[in-house]
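Engineer: Got a file for you: input.pdb, PDB, C-alpha atoms.
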```pdb
ATOM      1  CA  MET B  29     179.991 203.244 106.124  1.00  0.00           C
ATOM      2  CA  GLU B  30     177.051 202.029 108.178  1.00  0.00           C
ATOM      3  CA  THR B  31     177.550 204.908 110.620  1.00  0.00           C
ATOM      4  CA  VAL B  32     177.323 207.465 107.813  1.00  0.00           C
ATOM      5  CA  TRP B  33     174.078 205.962 106.527  1.00  0.00           C
ATOM      6  CA  LYS B  34     172.599 205.874 110.044  1.00  0.00           C
ATOM      7  CA  ASN B  35     173.502 209.524 110.570  1.00  0.00           C
ATOM      8  CA  LEU B  36     172.063 210.556 107.216  1.00  0.00           C
ATOM      9  CA  LYS B  37     168.918 208.590 107.945  1.00  0.00           C
ATOM     10  CA  GLY B  38     168.555 210.434 111.254  1.00  0.00           C
ATOM     11  CA  PHE B  39     168.894 213.799 109.521  1.00  0.00           C
ATOM     12  CA  LEU B  40     166.377 212.726 106.874  1.00  0.00           C
ATOM     13  CA  TYR B  41     163.861 211.647 109.534  1.00  0.00           C
ATOM     14  CA  ALA B  42     164.383 214.925 111.394  1.00  0.00           C
ATOM     15  CA  PHE B  43     163.923 216.932 108.204  1.00  0.00           C
ATOM     16  CA  ILE B  44     160.695 215.076 107.367  1.00  0.00           C
ATOM     17  CA  LEU B  45     159.441 215.647 110.916  1.00  0.00           C
ATOM     18  CA  PHE B  46     160.342 219.335 110.615  1.00  0.00           C
ATOM     19  CA  ILE B  47     158.379 219.679 107.372  1.00  0.00           C
ATOM     20  CA  LEU B  48     155.343 217.853 108.772  1.00  0.00           C
ATOM     21  CA  LEU B  49     155.284 219.896 111.978  1.00  0.00           C
ATOM     22  CA  THR B  50     155.740 223.127 110.030  1.00  0.00           C
ATOM     23  CA  LEU B  51     152.789 222.224 107.809  1.00  0.00           C
ATOM     24  CA  LEU B  52     150.731 221.345 110.886  1.00  0.00           C
ATOM     25  CA  ILE B  53     151.533 224.690 112.510  1.00  0.00           C
ATOM     26  CA  SER B  54     150.635 226.561 109.319  1.00  0.00           C
ATOM     27  CA  VAL B  55     147.262 224.758 109.153  1.00  0.00           C
ATOM     28  CA  ILE B  56     146.613 225.538 112.819  1.00  0.00           C
ATOM     29  CA  VAL B  57     147.441 229.218 112.308  1.00  0.00           C
ATOM     30  CA  LYS B  58     145.287 229.359 109.167  1.00  0.00           C
ATOM     31  CA  LEU B  59     142.206 227.616 110.580  1.00  0.00           C
ATOM     32  CA  THR B  60     142.192 228.773 114.203  1.00  0.00           C
ATOM     33  CA  PRO B  61     142.393 232.180 115.842  1.00  0.00           C
ATOM     34  CA  ALA B  62     146.015 231.502 116.867  1.00  0.00           C
ATOM     35  CA  PRO B  63     147.966 234.750 116.509  1.00  0.00           C
ATOM     36  CA  GLU B  64     150.165 234.836 113.443  1.00  0.00           C
ATOM     37  CA  GLY B  65     152.556 237.209 115.180  1.00  0.00           C
ATOM     38  CA  TRP B  66     153.752 234.337 117.324  1.00  0.00           C
ATOM     39  CA  SER B  67     155.003 232.369 114.325  1.00  0.00           C
ATOM     40  CA  LEU B  68     158.616 232.761 115.466  1.00  0.00           C
ATOM     41  CA  TYR B  69     157.758 231.016 118.739  1.00  0.00           C
ATOM     42  CA  TYR B  70     155.853 228.294 116.909  1.00  0.00           C
ATOM     43  CA  MET B  71     158.899 227.625 114.733  1.00  0.00           C
ATOM     44  CA  ILE B  72     161.225 227.551 117.740  1.00  0.00           C
ATOM     45  CA  GLY B  73     158.870 224.949 119.240  1.00  0.00           C
ATOM     46  CA  VAL B  74     158.988 222.913 116.029  1.00  0.00           C
ATOM     47  CA  LEU B  75     162.781 223.132 116.024  1.00  0.00           C
ATOM     48  CA  CYS B  76     162.878 222.016 119.665  1.00  0.00           C
ATOM     49  CA  ILE B  77     160.743 218.946 118.951  1.00  0.00           C
ATOM     50  CA  THR B  78     162.802 218.103 115.868  1.00  0.00           C
ATOM     51  CA  CYS B  79     166.137 218.516 117.653  1.00  0.00           C
ATOM     52  CA  LEU B  80     164.846 216.440 120.579  1.00  0.00           C
ATOM     53  CA  PHE B  81     163.994 213.653 118.129  1.00  0.00           C
ATOM     54  CA  LEU B  82     167.341 213.961 116.333  1.00  0.00           C
ATOM     55  CA  GLY B  83     169.246 213.917 119.629  1.00  0.00           C
ATOM     56  CA  THR B  84     167.320 210.867 120.804  1.00  0.00           C
ATOM     57  CA  TYR B  85     167.932 209.071 117.512  1.00  0.00           C
ATOM     58  CA  SER B  86     171.651 209.839 117.450  1.00  0.00           C
ATOM     59  CA  GLY B  87     172.150 209.124 121.156  1.00  0.00           C
ATOM     60  CA  ASN B  88     170.388 205.791 120.823  1.00  0.00           C
ATOM     61  CA  TYR B  89     172.646 204.815 117.947  1.00  0.00           C
ATOM     62  CA  ILE B  90     175.985 206.085 119.295  1.00  0.00           C
ATOM     63  CA  LYS B  91     175.366 205.015 122.935  1.00  0.00           C
ATOM     64  CA  LYS B  92     177.919 207.385 124.490  1.00  0.00           C
ATOM     65  CA  LYS B  93     178.266 211.111 125.229  1.00  0.00           C
ATOM     66  CA  GLY B  94     174.606 211.788 124.451  1.00  0.00           C
ATOM     67  CA  PHE B  95     174.711 215.401 125.634  1.00  0.00           C
ATOM     68  CA  VAL B  96     177.603 216.283 123.316  1.00  0.00           C
ATOM     69  CA  TYR B  97     176.397 214.337 120.282  1.00  0.00           C
ATOM     70  CA  GLY B  98     172.834 215.590 120.682  1.00  0.00           C
ATOM     71  CA  ALA B  99     174.049 219.197 120.712  1.00  0.00           C
ATOM     72  CA  PHE B 100     176.465 218.576 117.830  1.00  0.00           C
ATOM     73  CA  TYR B 101     173.824 216.989 115.621  1.00  0.00           C
ATOM     74  CA  SER B 102     171.359 219.755 116.496  1.00  0.00           C
ATOM     75  CA  ILE B 103     173.902 222.402 115.487  1.00  0.00           C
ATOM     76  CA  ILE B 104     174.512 220.627 112.182  1.00  0.00           C
ATOM     77  CA  PHE B 105     170.756 220.344 111.592  1.00  0.00           C
ATOM     78  CA  LEU B 106     170.225 224.045 112.312  1.00  0.00           C
ATOM     79  CA  LEU B 107     173.092 224.959 109.970  1.00  0.00           C
ATOM     80  CA  ILE B 108     171.553 222.834 107.200  1.00  0.00           C
ATOM     81  CA  LEU B 109     168.167 224.509 107.702  1.00  0.00           C
ATOM     82  CA  SER B 110     169.847 227.928 107.705  1.00  0.00           C
ATOM     83  CA  ALA B 111     171.593 227.068 104.428  1.00  0.00           C
ATOM     84  CA  PHE B 112     168.248 226.079 102.876  1.00  0.00           C
ATOM     85  CA  TYR B 113     166.756 229.340 104.148  1.00  0.00           C
ATOM     86  CA  MET B 114     169.559 231.407 102.646  1.00  0.00           C
ATOM     87  CA  LEU B 115     169.281 229.592  99.313  1.00  0.00           C
ATOM     88  CA  ALA B 116     165.489 229.879  99.165  1.00  0.00           C
ATOM     89  CA  PHE B 117     165.187 233.545 100.109  1.00  0.00           C
ATOM     90  CA  SER B 118     168.531 234.893  98.845  1.00  0.00           C
ATOM     91  CA  THR B 119     169.243 236.529 102.157  1.00  0.00           C
ATOM     92  CA  GLY B 120     171.639 235.911 104.987  1.00  0.00           C
ATOM     93  CA  ILE B 121     171.177 235.110 108.644  1.00  0.00           C
ATOM     94  CA  GLU B 122     172.023 238.148 110.724  1.00  0.00           C
ATOM     95  CA  MET B 123     174.695 237.496 113.303  1.00  0.00           C
ATOM     96  CA  GLY B 124     174.180 238.897 116.749  1.00  0.00           C
ATOM     97  CA  VAL B 125     171.894 238.585 119.737  1.00  0.00           C
ATOM     98  CA  GLY B 126     169.110 237.136 117.555  1.00  0.00           C
ATOM     99  CA  LEU B 127     170.970 233.850 117.309  1.00  0.00           C
ATOM    100  CA  VAL B 128     170.424 233.235 121.030  1.00  0.00           C
ATOM    101  CA  LYS B 129     166.980 231.840 120.165  1.00  0.00           C
ATOM    102  CA  TYR B 130     168.720 228.824 118.610  1.00  0.00           C
ATOM    103  CA  LEU B 131     170.239 227.820 121.949  1.00  0.00           C
ATOM    104  CA  ILE B 132     166.894 226.398 123.078  1.00  0.00           C
ATOM    105  CA  PRO B 133     166.685 223.782 120.260  1.00  0.00           C
ATOM    106  CA  ILE B 134     170.341 222.904 120.847  1.00  0.00           C
ATOM    107  CA  LEU B 135     169.585 222.272 124.528  1.00  0.00           C
ATOM    108  CA  PHE B 136     166.600 220.137 123.512  1.00  0.00           C
ATOM    109  CA  GLY B 137     168.906 218.162 121.224  1.00  0.00           C
ATOM    110  CA  SER B 138     171.309 217.646 124.122  1.00  0.00           C
ATOM    111  CA  VAL B 139     168.518 216.390 126.356  1.00  0.00           C
ATOM    112  CA  GLY B 140     167.365 214.135 123.519  1.00  0.00           C
ATOM    113  CA  GLY B 141     170.892 212.747 123.253  1.00  0.00           C
ATOM    114  CA  MET B 142     170.887 211.920 126.974  1.00  0.00           C
ATOM    115  CA  ILE B 143     167.504 210.231 126.614  1.00  0.00           C
ATOM    116  CA  GLY B 144     168.708 208.278 123.572  1.00  0.00           C
ATOM    117  CA  VAL B 145     171.800 206.983 125.346  1.00  0.00           C
ATOM    118  CA  ASN B 146     169.684 205.673 128.199  1.00  0.00           C
ATOM    119  CA  LEU B 147     167.011 204.008 126.053  1.00  0.00           C
ATOM    120  CA  ARG B 148     166.879 200.247 126.168  1.00  0.00           C
ATOM    121  CA  ASN B 149     166.561 198.318 122.912  1.00  0.00           C
TER     122      ASN B 149
END
```
So that I can check it, write out the structure of this file as structure tokens.
Structural biologist:
Amino acid sequence: METVWKNLKGFLYAFILFILLTLLISVIVKLTPAPEGWSLYYMIGVLCITCLFLGTYSGNYIKKKGFVYGAFYSIIFLLILSAFYMLAFSTGIEMGVGLVKYLIPILFGSVGGMIGVNLRN
């Protein structure tokens, strides 16, 4: 049961980090001359940072197979965010080549898992 709570806590921390970074990006876009057309790239960057954190957190807790667990947890996190998106906007995620952009956060999660496994407590 402790493992479940640790995993849920990691997802909660990642979700809070995602919300905070998204708010920070929106303030930066609003108050600076940063182009709003690049918002997709800003969000991919936020997802990469969040998945890196989640991979590091999960890899540090599990202590084995960081690459696999980091990618797995990142995929689950992206699916949860996609479910929230579909519920909030009543629209679906289009399948196809557009989903390739989610490979970058998954790779960041994998790298985070490798970092987490090798962290010393």
Engineer: Mind checking which residues fall within 10 Å of segment 37-40 of chain B, counting all atoms listed in the file, ignoring those fewer than 3 positions away in the same chain, and posting them as a VMD selection string?
Structural biologist: chain B and resid 31 to 34 43 to 46 78 to 79 81 to 86 89 101 to 102 104 to 105 108
Engineer: Take atom CA of Thr119 of chain B and atom CA of Pro63 of chain B and report the distance between them in Å, one decimal.
Structural biologist: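 Atom CA of Pro63 of chain B lies at a distance of 25.7 Å from atom CA of Thr119 of chain B.
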Engineer: Atom CA of Gly141 of chain B and atom CA of Trp66 of chain B are how many Å apart?
Structural biologist: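 Separation between atom CA of Gly141 of chain B and atom CA of Trp66 of chain B: 28.2 Å.
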Engineer: Please compute the atom CA of Phe95 of chain B-atom CA of Leu131 of chain B distance, one decimal, in Å.
Structural biologist: 13.7 Å
Engineer: Given all atoms listed in the file as the basis, pick out the residue of B:Met29, B:Val128, B:Leu109, B:Ile90 nearest to Leu147 of chain B.
Structural biologist: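 Result for the nearest residue to Leu147 of chain B: B:Ile90.
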Engineer: Because the input lacks atoms here, generate N, CA and C atoms for segment 37-72 of chain B and report them as a PDB file, in the coordinates of the input.
Structural biologist:
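Output file result-v8.pdb is given in full below:
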```
ATOM      1  N   LYS B  37     170.306 208.993 107.747  1.00  0.00           N
ATOM      2  CA  LYS B  37     168.918 208.590 107.945  1.00  0.00           C
ATOM      3  C   LYS B  37     168.288 209.385 109.087  1.00  0.00           C
ATOM      4  N   GLY B  38     169.044 209.625 110.149  1.00  0.00           N
ATOM      5  CA  GLY B  38     168.555 210.434 111.254  1.00  0.00           C
ATOM      6  C   GLY B  38     168.254 211.861 110.824  1.00  0.00           C
ATOM      7  N   PHE B  39     169.145 212.446 110.026  1.00  0.00           N
ATOM      8  CA  PHE B  39     168.894 213.799 109.521  1.00  0.00           C
ATOM      9  C   PHE B  39     167.690 213.824 108.591  1.00  0.00           C
ATOM     10  N   LEU B  40     167.533 212.790 107.777  1.00  0.00           N
ATOM     11  CA  LEU B  40     166.377 212.726 106.874  1.00  0.00           C
ATOM     12  C   LEU B  40     165.084 212.616 107.670  1.00  0.00           C
ATOM     13  N   TYR B  41     165.043 211.760 108.685  1.00  0.00           N
ATOM     14  CA  TYR B  41     163.861 211.647 109.534  1.00  0.00           C
ATOM     15  C   TYR B  41     163.551 212.973 110.229  1.00  0.00           C
ATOM     16  N   ALA B  42     164.581 213.638 110.718  1.00  0.00           N
ATOM     17  CA  ALA B  42     164.383 214.925 111.394  1.00  0.00           C
ATOM     18  C   ALA B  42     163.865 215.976 110.417  1.00  0.00           C
ATOM     19  N   PHE B  43     164.377 215.964 109.204  1.00  0.00           N
ATOM     20  CA  PHE B  43     163.923 216.932 108.204  1.00  0.00           C
ATOM     21  C   PHE B  43     162.463 216.677 107.823  1.00  0.00           C
ATOM     22  N   ILE B  44     162.090 215.411 107.670  1.00  0.00           N
ATOM     23  CA  ILE B  44     160.695 215.076 107.367  1.00  0.00           C
ATOM     24  C   ILE B  44     159.787 215.488 108.521  1.00  0.00           C
ATOM     25  N   LEU B  45     160.212 215.230 109.749  1.00  0.00           N
ATOM     26  CA  LEU B  45     159.441 215.647 110.916  1.00  0.00           C
ATOM     27  C   LEU B  45     159.306 217.166 110.957  1.00  0.00           C
ATOM     28  N   PHE B  46     160.376 217.874 110.636  1.00  0.00           N
ATOM     29  CA  PHE B  46     160.342 219.335 110.615  1.00  0.00           C
ATOM     30  C   PHE B  46     159.318 219.837 109.595  1.00  0.00           C
ATOM     31  N   ILE B  47     159.317 219.256 108.408  1.00  0.00           N
ATOM     32  CA  ILE B  47     158.379 219.679 107.372  1.00  0.00           C
ATOM     33  C   ILE B  47     156.937 219.391 107.801  1.00  0.00           C
ATOM     34  N   LEU B  48     156.695 218.202 108.347  1.00  0.00           N
ATOM     35  CA  LEU B  48     155.343 217.853 108.772  1.00  0.00           C
ATOM     36  C   LEU B  48     154.843 218.757 109.899  1.00  0.00           C
ATOM     37  N   LEU B  49     155.693 219.020 110.880  1.00  0.00           N
ATOM     38  CA  LEU B  49     155.284 219.896 111.978  1.00  0.00           C
ATOM     39  C   LEU B  49     155.094 221.333 111.515  1.00  0.00           C
ATOM     40  N   THR B  50     155.908 221.779 110.572  1.00  0.00           N
ATOM     41  CA  THR B  50     155.740 223.127 110.030  1.00  0.00           C
ATOM     42  C   THR B  50     154.411 223.241 109.280  1.00  0.00           C
ATOM     43  N   LEU B  51     154.080 222.221 108.504  1.00  0.00           N
ATOM     44  CA  LEU B  51     152.789 222.224 107.809  1.00  0.00           C
ATOM     45  C   LEU B  51     151.631 222.190 108.803  1.00  0.00           C
ATOM     46  N   LEU B  52     151.765 221.405 109.868  1.00  0.00           N
ATOM     47  CA  LEU B  52     150.731 221.345 110.886  1.00  0.00           C
ATOM     48  C   LEU B  52     150.539 222.702 111.555  1.00  0.00           C
ATOM     49  N   ILE B  53     151.622 223.363 111.885  1.00  0.00           N
ATOM     50  CA  ILE B  53     151.533 224.690 112.510  1.00  0.00           C
ATOM     51  C   ILE B  53     150.889 225.687 111.560  1.00  0.00           C
ATOM     52  N   SER B  54     151.231 225.618 110.273  1.00  0.00           N
ATOM     53  CA  SER B  54     150.635 226.561 109.319  1.00  0.00           C
ATOM     54  C   SER B  54     149.134 226.320 109.172  1.00  0.00           C
ATOM     55  N   VAL B  55     148.698 225.057 109.215  1.00  0.00           N
ATOM     56  CA  VAL B  55     147.262 224.758 109.153  1.00  0.00           C
ATOM     57  C   VAL B  55     146.574 225.259 110.416  1.00  0.00           C
ATOM     58  N   ILE B  56     147.195 225.062 111.562  1.00  0.00           N
ATOM     59  CA  ILE B  56     146.613 225.538 112.819  1.00  0.00           C
ATOM     60  C   ILE B  56     146.481 227.053 112.813  1.00  0.00           C
ATOM     61  N   VAL B  57     147.494 227.749 112.345  1.00  0.00           N
ATOM     62  CA  VAL B  57     147.441 229.218 112.308  1.00  0.00           C
ATOM     63  C   VAL B  57     146.384 229.682 111.308  1.00  0.00           C
ATOM     64  N   LYS B  58     146.251 228.967 110.204  1.00  0.00           N
ATOM     65  CA  LYS B  58     145.287 229.359 109.167  1.00  0.00           C
ATOM     66  C   LYS B  58     143.845 229.126 109.617  1.00  0.00           C
ATOM     67  N   LEU B  59     143.585 228.002 110.290  1.00  0.00           N
ATOM     68  CA  LEU B  59     142.206 227.616 110.580  1.00  0.00           C
ATOM     69  C   LEU B  59     141.720 227.973 111.981  1.00  0.00           C
ATOM     70  N   THR B  60     142.589 228.419 112.843  1.00  0.00           N
ATOM     71  CA  THR B  60     142.192 228.773 114.203  1.00  0.00           C
ATOM     72  C   THR B  60     142.549 230.239 114.459  1.00  0.00           C
ATOM     73  N   PRO B  61     142.037 230.785 115.538  1.00  0.00           N
ATOM     74  CA  PRO B  61     142.393 232.180 115.842  1.00  0.00           C
ATOM     75  C   PRO B  61     143.759 232.333 116.506  1.00  0.00           C
ATOM     76  N   ALA B  62     144.661 231.390 116.305  1.00  0.00           N
ATOM     77  CA  ALA B  62     146.015 231.502 116.867  1.00  0.00           C
ATOM     78  C   ALA B  62     146.710 232.710 116.244  1.00  0.00           C
ATOM     79  N   PRO B  63     147.343 233.536 117.049  1.00  0.00           N
ATOM     80  CA  PRO B  63     147.966 234.750 116.509  1.00  0.00           C
ATOM     81  C   PRO B  63     149.140 234.443 115.575  1.00  0.00           C
ATOM     82  N   GLU B  64     149.104 235.045 114.419  1.00  0.00           N
ATOM     83  CA  GLU B  64     150.165 234.836 113.443  1.00  0.00           C
ATOM     84  C   GLU B  64     151.459 235.522 113.859  1.00  0.00           C
ATOM     85  N   GLY B  65     151.373 236.502 114.702  1.00  0.00           N
ATOM     86  CA  GLY B  65     152.556 237.209 115.180  1.00  0.00           C
ATOM     87  C   GLY B  65     153.472 236.339 116.029  1.00  0.00           C
ATOM     88  N   TRP B  66     152.953 235.242 116.500  1.00  0.00           N
ATOM     89  CA  TRP B  66     153.752 234.337 117.324  1.00  0.00           C
ATOM     90  C   TRP B  66     154.432 233.266 116.495  1.00  0.00           C
ATOM     91  N   SER B  67     154.466 233.416 115.202  1.00  0.00           N
ATOM     92  CA  SER B  67     155.003 232.369 114.325  1.00  0.00           C
ATOM     93  C   SER B  67     156.467 232.043 114.639  1.00  0.00           C
ATOM     94  N   LEU B  68     157.233 233.027 115.081  1.00  0.00           N
ATOM     95  CA  LEU B  68     158.616 232.761 115.466  1.00  0.00           C
ATOM     96  C   LEU B  68     158.671 231.761 116.617  1.00  0.00           C
ATOM     97  N   TYR B  69     157.784 231.922 117.596  1.00  0.00           N
ATOM     98  CA  TYR B  69     157.758 231.016 118.739  1.00  0.00           C
ATOM     99  C   TYR B  69     157.264 229.629 118.339  1.00  0.00           C
ATOM    100  N   TYR B  70     156.315 229.588 117.410  1.00  0.00           N
ATOM    101  CA  TYR B  70     155.853 228.294 116.909  1.00  0.00           C
ATOM    102  C   TYR B  70     157.008 227.548 116.230  1.00  0.00           C
ATOM    103  N   MET B  71     157.792 228.271 115.447  1.00  0.00           N
ATOM    104  CA  MET B  71     158.899 227.625 114.733  1.00  0.00           C
ATOM    105  C   MET B  71     160.012 227.203 115.689  1.00  0.00           C
ATOM    106  N   ILE B  72     160.245 227.971 116.728  1.00  0.00           N
ATOM    107  CA  ILE B  72     161.225 227.551 117.740  1.00  0.00           C
ATOM    108  C   ILE B  72     160.739 226.273 118.422  1.00  0.00           C
TER     109      ILE B  72
END
```
